[in-house]
Amino acid sequence: GVLPLDRPRILAIVNVTPDSFSDGGRLASIDDARRLVDALIADGADVIDIGGESTRPQGARPVTADEELRRVMPVVEAVLDDHPDIPVSVDTVKASIADRALRGGASIINDVSGFRLDAEMAHVCAKGGAGVVLMHSRGDVADMATFAHATYGEDPVGEIVDELRARVAEAQQAGIAGDCIVVDPGIGFSKRGEQSLTALAHLALVRAIGFPVLVGASRKRFIGELTN
């Protein structure tokens, strides 16, 4: 499938985790997830992004691949059954989950580590013909949404761009086509509020890497800080 990026597209997030940052534990059953997805698509979602491992700022814990599969795959299959024309994205840092999701009909892998955490991920996505979202972050699942790695010099956006270019290079070396790549500056990940705002203010520099840009700004801590 092809999703033309000739206009802004809305990616709607479905967290099937007990402890996600904003809606953890809300989806107790597959029918809950299906109803949510129906509503998201009715509201204009172009892509459904399904995630089974939380990266919340407070005490996110990595989950086993078996547990993540158990959470994610039934929802992937239900969404594909209910809405066969809507691209399904799976938010994972594990190549084994990506492989199973792609074989099960998902078309996009959204890796919040930008292929840093699993050496097989780029290869699996290339082999599966996936669209990929490469997000800027530092550290691992447990601390990437904290300030633990939010150390930048005078030019934080320059550092973010350089690190994203390295992630893109790895994807392309593995054989992922340029028109399958989207980059994400990782608003709220390994960034303090002012650094996230600076990245948002200079999205043109992220765009200049040469790929479409996904921005996940919803429900981030810095918005609460700004608005008290």
# chains A, B, ... in the order shown; residues from 1 in each chain; ligands from 1

call {"tool": "closest_atom_pairs", "arguments": {"of": "stretch 62-101 of chain A", "to": "stretch 121-145 of chain A", "cutoff": "7 Å", "atoms": "only C-alpha atoms", "output": "CSV"}}
result
residue,atom,partner,partner_atom,distance
A:Pro62,CA,A:Val141,CA,6.2
A:Lys94,CA,A:Met121,CA,6.7
A:Ala95,CA,A:Met121,CA,4.4
A:Asp99,CA,A:Val124,CA,6.0

call {"tool": "write_last_selection", "arguments": {"atoms": "N, CA and C atoms", "output": "PDB file, in the first residue's frame"}}
result
ATOM      1  N   PRO A  62      10.596  -2.215  30.364  1.00  0.00           N
ATOM      2  CA  PRO A  62      10.584  -3.012  29.135  1.00  0.00           C
ATOM      3  C   PRO A  62       9.718  -4.262  29.329  1.00  0.00           C
ATOM      4  N   LYS A  94      11.561  -3.771  18.871  1.00  0.00           N
ATOM      5  CA  LYS A  94      12.009  -5.164  18.764  1.00  0.00           C
ATOM      6  C   LYS A  94      11.794  -5.698  17.355  1.00  0.00           C
ATOM      7  N   ALA A  95      12.862  -6.227  16.756  1.00  0.00           N
ATOM      8  CA  ALA A  95      12.766  -6.762  15.399  1.00  0.00           C
ATOM      9  C   ALA A  95      11.804  -7.942  15.330  1.00  0.00           C
ATOM     10  N   ASP A  99       8.782  -8.052  12.692  1.00  0.00           N
ATOM     11  CA  ASP A  99       8.679  -9.123  11.702  1.00  0.00           C
ATOM     12  C   ASP A  99       7.290  -9.758  11.728  1.00  0.00           C
TER      13      ASP A  99
END

call {"tool": "select_by_dssp", "arguments": {"residues": "stretch 21-205 of chain A", "states": "helix (DSSP H, G or I)", "output": "PyMOL selection string"}}
result
chain A and resi 30-42+65-82+95-103+121-127+156-173+178-180+193-201+203-205

call {"tool": "select_by_dssp", "arguments": {"residues": "stretch 5-219 of chain A", "states": "strand (DSSP E)", "output": "PyMOL selection string"}}
result
chain A and resi 11-15+47-51+88-91+108-111+131-135+181-184

call {"tool": "residues_around", "arguments": {"residues": "A:Pro57", "least_positions_apart": "2", "cutoff": "7 Å", "atoms": "only C-alpha atoms", "output": "list of chain:residue names"}}
result
A:Thr55, A:Gly59, A:Ala60, A:Ala145, A:Thr146

call {"tool": "write_last_selection", "arguments": {"atoms": "N, CA and C atoms", "output": "PDB file, in the first residue's frame"}}
result
ATOM      1  N   THR A  55       6.735   3.930  26.959  1.00  0.00           N
ATOM      2  CA  THR A  55       7.967   4.701  27.172  1.00  0.00           C
ATOM      3  C   THR A  55       7.675   5.900  28.063  1.00  0.00           C
ATOM      4  N   GLY A  59       9.064   5.605  35.230  1.00  0.00           N
ATOM      5  CA  GLY A  59       9.165   4.172  35.503  1.00  0.00           C
ATOM      6  C   GLY A  59       8.640   3.257  34.421  1.00  0.00           C
ATOM      7  N   ALA A  60       8.850   3.589  33.165  1.00  0.00           N
ATOM      8  CA  ALA A  60       8.498   2.642  32.100  1.00  0.00           C
ATOM      9  C   ALA A  60       9.360   1.396  32.257  1.00  0.00           C
ATOM     10  N   ALA A 145      12.305   8.698  27.679  1.00  0.00           N
ATOM     11  CA  ALA A 145      11.342   9.790  27.822  1.00  0.00           C
ATOM     12  C   ALA A 145      11.618  10.655  29.054  1.00  0.00           C
ATOM     13  N   THR A 146      12.735  10.391  29.731  1.00  0.00           N
ATOM     14  CA  THR A 146      13.123  11.209  30.876  1.00  0.00           C
ATOM     15  C   THR A 146      14.135  12.260  30.426  1.00  0.00           C
TER      16      THR A 146
END

call {"tool": "closest_residue", "arguments": {"among": "A:Arg167, A:Arg103, A:Arg219, A:Arg207", "to": "A:Ile187", "atoms": "only C-alpha atoms"}}
result
A:Arg219

call {"tool": "closest_residue", "arguments": {"among": "A:Ser218, A:Ser54, A:Thr17, A:Ser113", "to": "A:Glu163", "atoms": "only C-alpha atoms"}}
result
A:Ser113

call {"tool": "residues_around", "arguments": {"residues": "A:Lys191", "least_positions_apart": "2", "cutoff": "12 Å", "atoms": "only C-alpha atoms", "output": "ChimeraX atom specification"}}
result
/A:57,136-139,143-152,156-157,159-160,185-189,193-200,220-222

call {"tool": "write_last_selection", "arguments": {"atoms": "N, CA and C atoms", "output": "compact mmCIF listing (two decimals), in the first residue's frame"}}
result
# COMPACT_ATOMS: atom_id res chain seq x y z
N PRO A 57 7.36 8.73 30.97
CA PRO A 57 8.49 9.31 31.71
C PRO A 57 8.74 8.67 33.08
N HIS A 136 14.00 10.39 16.87
CA HIS A 136 15.17 10.76 17.65
C HIS A 136 14.91 10.51 19.13
N SER A 137 15.82 9.75 19.74
CA SER A 137 15.80 9.57 21.19
C SER A 137 17.20 9.16 21.59
N ARG A 138 17.42 9.11 22.88
CA ARG A 138 18.68 8.63 23.43
C ARG A 138 18.33 7.68 24.56
N GLY A 139 19.24 6.74 24.85
CA GLY A 139 18.97 5.82 25.94
C GLY A 139 18.05 4.69 25.51
N ASP A 143 14.41 4.88 29.97
CA ASP A 143 14.76 6.27 30.31
C ASP A 143 14.71 7.25 29.14
N MET A 144 14.31 6.80 27.94
CA MET A 144 14.37 7.72 26.80
C MET A 144 13.37 8.87 26.90
N ALA A 145 12.31 8.70 27.68
CA ALA A 145 11.34 9.79 27.82
C ALA A 145 11.62 10.66 29.05
N THR A 146 12.74 10.39 29.73
CA THR A 146 13.12 11.21 30.88
C THR A 146 14.14 12.26 30.43
N PHE A 147 14.65 13.01 31.40
CA PHE A 147 15.68 14.01 31.10
C PHE A 147 17.09 13.44 31.26
N ALA A 148 17.20 12.12 31.46
CA ALA A 148 18.51 11.52 31.76
C ALA A 148 19.54 11.82 30.67
N HIS A 149 19.09 11.90 29.42
CA HIS A 149 20.01 12.12 28.30
C HIS A 149 19.77 13.48 27.63
N ALA A 150 19.11 14.38 28.34
CA ALA A 150 18.76 15.67 27.73
C ALA A 150 19.91 16.66 27.86
N THR A 151 21.08 16.23 27.42
CA THR A 151 22.27 17.07 27.51
C THR A 151 22.66 17.50 26.10
N TYR A 152 22.53 18.77 25.84
CA TYR A 152 22.82 19.33 24.52
C TYR A 152 23.71 20.54 24.68
N PRO A 156 20.97 22.46 19.99
CA PRO A 156 20.29 21.18 20.19
C PRO A 156 19.68 20.63 18.90
N VAL A 157 19.13 21.50 18.07
CA VAL A 157 18.50 20.99 16.85
C VAL A 157 19.55 20.41 15.91
N GLU A 159 22.22 18.87 16.84
CA GLU A 159 22.54 17.53 17.35
C GLU A 159 21.46 16.52 17.00
N ILE A 160 20.20 16.96 17.15
CA ILE A 160 19.07 16.07 16.81
C ILE A 160 19.15 15.69 15.33
N PRO A 185 11.42 14.13 15.12
CA PRO A 185 12.38 14.76 16.04
C PRO A 185 12.25 14.29 17.48
N GLY A 186 11.22 13.52 17.81
CA GLY A 186 11.13 12.95 19.15
C GLY A 186 10.82 13.99 20.22
N ILE A 187 9.79 14.80 19.96
CA ILE A 187 9.38 15.81 20.93
C ILE A 187 9.11 15.15 22.28
N GLY A 188 9.74 15.67 23.34
CA GLY A 188 9.52 15.11 24.68
C GLY A 188 10.39 13.91 25.01
N PHE A 189 11.16 13.43 24.06
CA PHE A 189 12.04 12.28 24.31
C PHE A 189 13.48 12.76 24.44
N GLY A 193 11.72 20.73 28.21
CA GLY A 193 10.66 21.48 27.54
C GLY A 193 11.19 22.48 26.54
N GLU A 194 12.23 23.23 26.95
CA GLU A 194 12.74 24.26 26.04
C GLU A 194 13.38 23.64 24.80
N GLN A 195 13.97 22.45 24.96
CA GLN A 195 14.58 21.78 23.81
C GLN A 195 13.52 21.26 22.85
N SER A 196 12.42 20.76 23.40
CA SER A 196 11.30 20.33 22.54
C SER A 196 10.74 21.52 21.78
N LEU A 197 10.58 22.65 22.47
CA LEU A 197 10.04 23.84 21.80
C LEU A 197 10.99 24.34 20.72
N THR A 198 12.29 24.27 20.99
CA THR A 198 13.27 24.69 19.99
C THR A 198 13.18 23.80 18.76
N ALA A 199 13.03 22.50 18.99
CA ALA A 199 12.91 21.57 17.85
C ALA A 199 11.65 21.89 17.04
N LEU A 200 10.54 22.17 17.73
CA LEU A 200 9.31 22.51 17.02
C LEU A 200 9.47 23.80 16.22
N LYS A 220 2.19 15.78 25.70
CA LYS A 220 3.55 15.75 26.24
C LYS A 220 3.64 16.64 27.49
N ARG A 221 4.58 16.27 28.35
CA ARG A 221 4.74 17.00 29.62
C ARG A 221 4.93 18.49 29.42
N PHE A 222 5.73 18.87 28.40
CA PHE A 222 6.08 20.28 28.28
C PHE A 222 4.85 21.15 28.00

call {"tool": "closest_residue", "arguments": {"among": "A:Asp49, A:Glu120, A:Asp43, A:Asp38", "to": "A:Val90", "atoms": "only C-alpha atoms"}}
result
A:Asp49

call {"tool": "closest_residue", "arguments": {"among": "A:Leu36, A:Ala65, A:Ile86, A:Ile209", "to": "A:Asp184", "atoms": "only C-alpha atoms"}}
result
A:Ile209

call {"tool": "residues_around", "arguments": {"residues": "A:Ile48", "least_positions_apart": "4", "cutoff": "6 Å", "atoms": "only C-alpha atoms", "output": "list in words"}}
result
Leu11, Ala12, Val88 and Ser89 of chain A

call {"tool": "atom_distance", "arguments": {"atom1": "atom CA of A:Pro8", "atom2": "atom CA of A:Val37"}}
result
19.6 Å

call {"tool": "closest_residue", "arguments": {"among": "A:His202, A:Leu5, A:Asn228, A:Ala166", "to": "A:Val182", "atoms": "only C-alpha atoms"}}
result
A:Leu5

call {"tool": "atom_distance", "arguments": {"atom1": "atom CA of A:Val47", "atom2": "atom CA of A:Pro87"}}
result
5.2 Å

call {"tool": "residues_around", "arguments": {"residues": "A:Ala33", "least_positions_apart": "3", "cutoff": "12 Å", "atoms": "only C-alpha atoms", "output": "mmCIF file with N, CA and C atoms, in the first residue's frame"}}
result
data_model
loop_
_atom_site.group_PDB
_atom_site.id
_atom_site.type_symbol
_atom_site.label_atom_id
_atom_site.label_comp_id
_atom_site.auth_asym_id
_atom_site.auth_seq_id
_atom_site.Cartn_x
_atom_site.Cartn_y
_atom_site.Cartn_z
ATOM 1 N N ILE A 13 -2.779 7.199 17.811
ATOM 2 C CA ILE A 13 -2.051 6.252 18.653
ATOM 3 C C ILE A 13 -3.016 5.431 19.486
ATOM 4 N N VAL A 14 -2.836 4.123 19.438
ATOM 5 C CA VAL A 14 -3.616 3.194 20.263
ATOM 6 C C VAL A 14 -2.619 2.452 21.151
ATOM 7 N N ASN A 15 -2.638 2.775 22.439
ATOM 8 C CA ASN A 15 -1.713 2.149 23.388
ATOM 9 C C ASN A 15 -2.382 0.945 24.027
ATOM 10 N N VAL A 16 -1.859 -0.250 23.758
ATOM 11 C CA VAL A 16 -2.402 -1.456 24.388
ATOM 12 C C VAL A 16 -1.434 -1.900 25.477
ATOM 13 N N THR A 17 -1.212 -0.976 26.397
ATOM 14 C CA THR A 17 -0.298 -1.215 27.514
ATOM 15 C C THR A 17 -1.039 -0.935 28.807
ATOM 16 N N ASP A 23 -3.045 6.981 28.504
ATOM 17 C CA ASP A 23 -4.293 6.207 28.451
ATOM 18 C C ASP A 23 -4.082 4.771 28.884
ATOM 19 N N GLY A 25 -4.066 1.210 30.341
ATOM 20 C CA GLY A 25 -5.077 0.372 30.961
ATOM 21 C C GLY A 25 -6.493 0.673 30.528
ATOM 22 N N ARG A 26 -6.662 1.603 29.591
ATOM 23 C CA ARG A 26 -8.019 2.005 29.211
ATOM 24 C C ARG A 26 -8.680 0.942 28.339
ATOM 25 N N LEU A 27 -7.872 0.198 27.584
ATOM 26 C CA LEU A 27 -8.415 -0.774 26.640
ATOM 27 C C LEU A 27 -8.337 -2.162 27.265
ATOM 28 N N ALA A 28 -9.415 -2.551 27.927
ATOM 29 C CA ALA A 28 -9.400 -3.808 28.670
ATOM 30 C C ALA A 28 -9.644 -5.000 27.756
ATOM 31 N N SER A 29 -10.239 -4.776 26.604
ATOM 32 C CA SER A 29 -10.575 -5.898 25.732
ATOM 33 C C SER A 29 -10.355 -5.505 24.278
ATOM 34 N N ILE A 30 -10.355 -6.487 23.429
ATOM 35 C CA ILE A 30 -10.194 -6.228 22.005
ATOM 36 C C ILE A 30 -11.360 -5.395 21.481
ATOM 37 N N LEU A 36 -12.490 2.111 19.916
ATOM 38 C CA LEU A 36 -11.623 3.295 19.884
ATOM 39 C C LEU A 36 -11.144 3.566 18.455
ATOM 40 N N VAL A 37 -10.700 2.516 17.766
ATOM 41 C CA VAL A 37 -10.194 2.696 16.401
ATOM 42 C C VAL A 37 -11.299 3.200 15.476
ATOM 43 N N ASP A 38 -12.510 2.660 15.624
ATOM 44 C CA ASP A 38 -13.639 3.159 14.821
ATOM 45 C C ASP A 38 -13.801 4.665 15.020
ATOM 46 N N ALA A 39 -13.721 5.097 16.284
ATOM 47 C CA ALA A 39 -13.915 6.522 16.589
ATOM 48 C C ALA A 39 -12.762 7.359 16.037
ATOM 49 N N LEU A 40 -11.543 6.851 16.144
ATOM 50 C CA LEU A 40 -10.387 7.594 15.638
ATOM 51 C C LEU A 40 -10.484 7.786 14.126
ATOM 52 N N ILE A 48 -3.362 4.118 11.837
ATOM 53 C CA ILE A 48 -3.520 3.678 13.224
ATOM 54 C C ILE A 48 -2.191 3.090 13.680
ATOM 55 N N ASP A 49 -1.651 3.650 14.762
ATOM 56 C CA ASP A 49 -0.345 3.254 15.300
ATOM 57 C C ASP A 49 -0.574 2.517 16.618
ATOM 58 N N ILE A 50 -0.168 1.257 16.662
ATOM 59 C CA ILE A 50 -0.474 0.398 17.806
ATOM 60 C C ILE A 50 0.814 0.083 18.555
ATOM 61 N N GLY A 51 0.807 0.336 19.851
ATOM 62 C CA GLY A 51 2.007 0.113 20.653
ATOM 63 C C GLY A 51 1.725 -0.713 21.887
ATOM 64 N N ARG A 71 -0.099 -8.533 23.400
ATOM 65 C CA ARG A 71 -0.864 -7.289 23.484
ATOM 66 C C ARG A 71 -1.212 -6.742 22.093
ATOM 67 N N VAL A 72 -0.204 -6.777 21.203
ATOM 68 C CA VAL A 72 -0.297 -6.006 19.957
ATOM 69 C C VAL A 72 -1.018 -6.747 18.838
ATOM 70 N N MET A 73 -0.675 -8.022 18.631
ATOM 71 C CA MET A 73 -1.149 -8.691 17.419
ATOM 72 C C MET A 73 -2.667 -8.821 17.317
ATOM 73 N N PRO A 74 -3.388 -9.116 18.400
ATOM 74 C CA PRO A 74 -4.844 -9.191 18.243
ATOM 75 C C PRO A 74 -5.450 -7.858 17.793
ATOM 76 N N VAL A 75 -4.847 -6.759 18.241
ATOM 77 C CA VAL A 75 -5.373 -5.445 17.845
ATOM 78 C C VAL A 75 -5.019 -5.154 16.386
ATOM 79 N N VAL A 76 -3.793 -5.486 15.987
ATOM 80 C CA VAL A 76 -3.406 -5.322 14.580
ATOM 81 C C VAL A 76 -4.384 -6.087 13.692
ATOM 82 N N GLU A 77 -4.646 -7.337 14.047
ATOM 83 C CA GLU A 77 -5.516 -8.168 13.214
ATOM 84 C C GLU A 77 -6.938 -7.630 13.188
ATOM 85 N N ALA A 78 -7.425 -7.160 14.321
ATOM 86 C CA ALA A 78 -8.790 -6.624 14.370
ATOM 87 C C ALA A 78 -8.922 -5.366 13.515
ATOM 88 N N VAL A 79 -7.916 -4.486 13.590
ATOM 89 C CA VAL A 79 -7.981 -3.245 12.809
ATOM 90 C C VAL A 79 -7.933 -3.563 11.317
ATOM 91 N N ASP A 82 -11.346 -4.863 10.341
ATOM 92 C CA ASP A 82 -12.408 -3.852 10.349
ATOM 93 C C ASP A 82 -12.189 -2.768 9.311
#

call {"tool": "decode", "arguments": {"residues": "stretch 161-175 of chain A", "atoms": "all heavy atoms", "output": "PDB file, in the first residue's frame"}}
result
ATOM      1  N   VAL A 161      19.413  16.669  14.473  1.00  0.00           N
ATOM      2  CA  VAL A 161      19.490  16.417  13.031  1.00  0.00           C
ATOM      3  C   VAL A 161      20.642  15.464  12.711  1.00  0.00           C
ATOM      4  O   VAL A 161      20.487  14.508  11.935  1.00  0.00           O
ATOM      5  CB  VAL A 161      19.616  17.748  12.260  1.00  0.00           C
ATOM      6  CG1 VAL A 161      20.056  17.516  10.814  1.00  0.00           C
ATOM      7  CG2 VAL A 161      18.287  18.504  12.301  1.00  0.00           C
ATOM      8  N   ASP A 162      21.796  15.696  13.322  1.00  0.00           N
ATOM      9  CA  ASP A 162      22.950  14.814  13.067  1.00  0.00           C
ATOM     10  C   ASP A 162      22.634  13.376  13.478  1.00  0.00           C
ATOM     11  O   ASP A 162      22.970  12.418  12.775  1.00  0.00           O
ATOM     12  CB  ASP A 162      24.181  15.293  13.841  1.00  0.00           C
ATOM     13  CG  ASP A 162      24.805  16.537  13.228  1.00  0.00           C
ATOM     14  OD1 ASP A 162      24.453  16.877  12.082  1.00  0.00           O
ATOM     15  OD2 ASP A 162      25.645  17.168  13.908  1.00  0.00           O
ATOM     16  N   GLU A 163      21.996  13.224  14.633  1.00  0.00           N
ATOM     17  CA  GLU A 163      21.681  11.875  15.114  1.00  0.00           C
ATOM     18  C   GLU A 163      20.618  11.217  14.234  1.00  0.00           C
ATOM     19  O   GLU A 163      20.674  10.003  13.977  1.00  0.00           O
ATOM     20  CB  GLU A 163      21.278  11.940  16.589  1.00  0.00           C
ATOM     21  CG  GLU A 163      22.498  12.241  17.473  1.00  0.00           C
ATOM     22  CD  GLU A 163      22.172  12.639  18.915  1.00  0.00           C
ATOM     23  OE1 GLU A 163      21.218  12.070  19.497  1.00  0.00           O
ATOM     24  OE2 GLU A 163      22.866  13.520  19.464  1.00  0.00           O
ATOM     25  N   LEU A 164      19.659  12.007  13.743  1.00  0.00           N
ATOM     26  CA  LEU A 164      18.663  11.444  12.821  1.00  0.00           C
ATOM     27  C   LEU A 164      19.305  11.040  11.498  1.00  0.00           C
ATOM     28  O   LEU A 164      18.958   9.995  10.927  1.00  0.00           O
ATOM     29  CB  LEU A 164      17.535  12.454  12.569  1.00  0.00           C
ATOM     30  CG  LEU A 164      16.448  12.515  13.644  1.00  0.00           C
ATOM     31  CD1 LEU A 164      15.494  13.670  13.358  1.00  0.00           C
ATOM     32  CD2 LEU A 164      15.672  11.200  13.725  1.00  0.00           C
ATOM     33  N   ARG A 165      20.240  11.842  11.005  1.00  0.00           N
ATOM     34  CA  ARG A 165      20.925  11.477   9.757  1.00  0.00           C
ATOM     35  C   ARG A 165      21.624  10.124   9.898  1.00  0.00           C
ATOM     36  O   ARG A 165      21.637   9.314   8.959  1.00  0.00           O
ATOM     37  CB  ARG A 165      21.966  12.539   9.385  1.00  0.00           C
ATOM     38  CG  ARG A 165      21.396  13.818   8.804  1.00  0.00           C
ATOM     39  CD  ARG A 165      22.546  14.711   8.314  1.00  0.00           C
ATOM     40  NE  ARG A 165      22.134  16.084   8.111  1.00  0.00           N
ATOM     41  CZ  ARG A 165      21.497  16.533   7.027  1.00  0.00           C
ATOM     42  NH1 ARG A 165      21.192  15.694   6.051  1.00  0.00           N
ATOM     43  NH2 ARG A 165      21.162  17.802   6.916  1.00  0.00           N
ATOM     44  N   ALA A 166      22.191   9.873  11.070  1.00  0.00           N
ATOM     45  CA  ALA A 166      22.857   8.583  11.304  1.00  0.00           C
ATOM     46  C   ALA A 166      21.849   7.440  11.287  1.00  0.00           C
ATOM     47  O   ALA A 166      22.128   6.344  10.771  1.00  0.00           O
ATOM     48  CB  ALA A 166      23.606   8.614  12.634  1.00  0.00           C
ATOM     49  N   ARG A 167      20.653   7.677  11.818  1.00  0.00           N
ATOM     50  CA  ARG A 167      19.617   6.642  11.819  1.00  0.00           C
ATOM     51  C   ARG A 167      19.157   6.368  10.385  1.00  0.00           C
ATOM     52  O   ARG A 167      18.943   5.219   9.994  1.00  0.00           O
ATOM     53  CB  ARG A 167      18.402   7.049  12.658  1.00  0.00           C
ATOM     54  CG  ARG A 167      18.608   7.474  14.109  1.00  0.00           C
ATOM     55  CD  ARG A 167      19.740   6.817  14.871  1.00  0.00           C
ATOM     56  NE  ARG A 167      19.776   5.386  14.767  1.00  0.00           N
ATOM     57  CZ  ARG A 167      20.902   4.656  14.725  1.00  0.00           C
ATOM     58  NH1 ARG A 167      22.095   5.218  14.796  1.00  0.00           N
ATOM     59  NH2 ARG A 167      20.848   3.354  14.610  1.00  0.00           N
ATOM     60  N   VAL A 168      18.997   7.433   9.600  1.00  0.00           N
ATOM     61  CA  VAL A 168      18.603   7.286   8.196  1.00  0.00           C
ATOM     62  C   VAL A 168      19.668   6.498   7.429  1.00  0.00           C
ATOM     63  O   VAL A 168      19.353   5.613   6.620  1.00  0.00           O
ATOM     64  CB  VAL A 168      18.378   8.667   7.547  1.00  0.00           C
ATOM     65  CG1 VAL A 168      18.262   8.547   6.032  1.00  0.00           C
ATOM     66  CG2 VAL A 168      17.124   9.335   8.124  1.00  0.00           C
ATOM     67  N   ALA A 169      20.940   6.809   7.679  1.00  0.00           N
ATOM     68  CA  ALA A 169      22.028   6.115   6.982  1.00  0.00           C
ATOM     69  C   ALA A 169      21.964   4.617   7.267  1.00  0.00           C
ATOM     70  O   ALA A 169      22.138   3.790   6.358  1.00  0.00           O
ATOM     71  CB  ALA A 169      23.378   6.684   7.408  1.00  0.00           C
ATOM     72  N   GLU A 170      21.684   4.266   8.523  1.00  0.00           N
ATOM     73  CA  GLU A 170      21.596   2.838   8.852  1.00  0.00           C
ATOM     74  C   GLU A 170      20.429   2.186   8.109  1.00  0.00           C
ATOM     75  O   GLU A 170      20.553   1.070   7.587  1.00  0.00           O
ATOM     76  CB  GLU A 170      21.429   2.648  10.361  1.00  0.00           C
ATOM     77  CG  GLU A 170      21.370   1.176  10.733  1.00  0.00           C
ATOM     78  CD  GLU A 170      21.400   0.923  12.231  1.00  0.00           C
ATOM     79  OE1 GLU A 170      21.969   1.741  12.975  1.00  0.00           O
ATOM     80  OE2 GLU A 170      20.851  -0.111  12.641  1.00  0.00           O
ATOM     81  N   ALA A 171      19.299   2.878   8.048  1.00  0.00           N
ATOM     82  CA  ALA A 171      18.131   2.334   7.338  1.00  0.00           C
ATOM     83  C   ALA A 171      18.453   2.111   5.863  1.00  0.00           C
ATOM     84  O   ALA A 171      18.147   1.060   5.291  1.00  0.00           O
ATOM     85  CB  ALA A 171      16.946   3.285   7.496  1.00  0.00           C
ATOM     86  N   GLN A 172      19.088   3.105   5.253  1.00  0.00           N
ATOM     87  CA  GLN A 172      19.373   2.993   3.819  1.00  0.00           C
ATOM     88  C   GLN A 172      20.433   1.925   3.547  1.00  0.00           C
ATOM     89  O   GLN A 172      20.347   1.206   2.548  1.00  0.00           O
ATOM     90  CB  GLN A 172      19.772   4.351   3.269  1.00  0.00           C
ATOM     91  CG  GLN A 172      18.584   5.314   3.255  1.00  0.00           C
ATOM     92  CD  GLN A 172      18.890   6.647   2.611  1.00  0.00           C
ATOM     93  OE1 GLN A 172      19.873   7.301   2.960  1.00  0.00           O
ATOM     94  NE2 GLN A 172      18.059   7.071   1.673  1.00  0.00           N
ATOM     95  N   GLN A 173      21.403   1.809   4.430  1.00  0.00           N
ATOM     96  CA  GLN A 173      22.418   0.756   4.267  1.00  0.00           C
ATOM     97  C   GLN A 173      21.789  -0.629   4.299  1.00  0.00           C
ATOM     98  O   GLN A 173      22.255  -1.551   3.624  1.00  0.00           O
ATOM     99  CB  GLN A 173      23.478   0.853   5.369  1.00  0.00           C
ATOM    100  CG  GLN A 173      24.665   1.711   4.953  1.00  0.00           C
ATOM    101  CD  GLN A 173      25.561   2.054   6.141  1.00  0.00           C
ATOM    102  OE1 GLN A 173      25.154   1.982   7.284  1.00  0.00           O
ATOM    103  NE2 GLN A 173      26.788   2.433   5.854  1.00  0.00           N
ATOM    104  N   ALA A 174      20.716  -0.767   5.076  1.00  0.00           N
ATOM    105  CA  ALA A 174      20.035  -2.064   5.171  1.00  0.00           C
ATOM    106  C   ALA A 174      19.151  -2.335   3.962  1.00  0.00           C
ATOM    107  O   ALA A 174      18.600  -3.421   3.829  1.00  0.00           O
ATOM    108  CB  ALA A 174      19.205  -2.118   6.448  1.00  0.00           C
ATOM    109  N   GLY A 175      18.987  -1.322   3.091  1.00  0.00           N
ATOM    110  CA  GLY A 175      18.201  -1.525   1.889  1.00  0.00           C
ATOM    111  C   GLY A 175      16.805  -0.935   1.936  1.00  0.00           C
ATOM    112  O   GLY A 175      15.966  -1.244   1.081  1.00  0.00           O
TER     113      GLY A 175
END
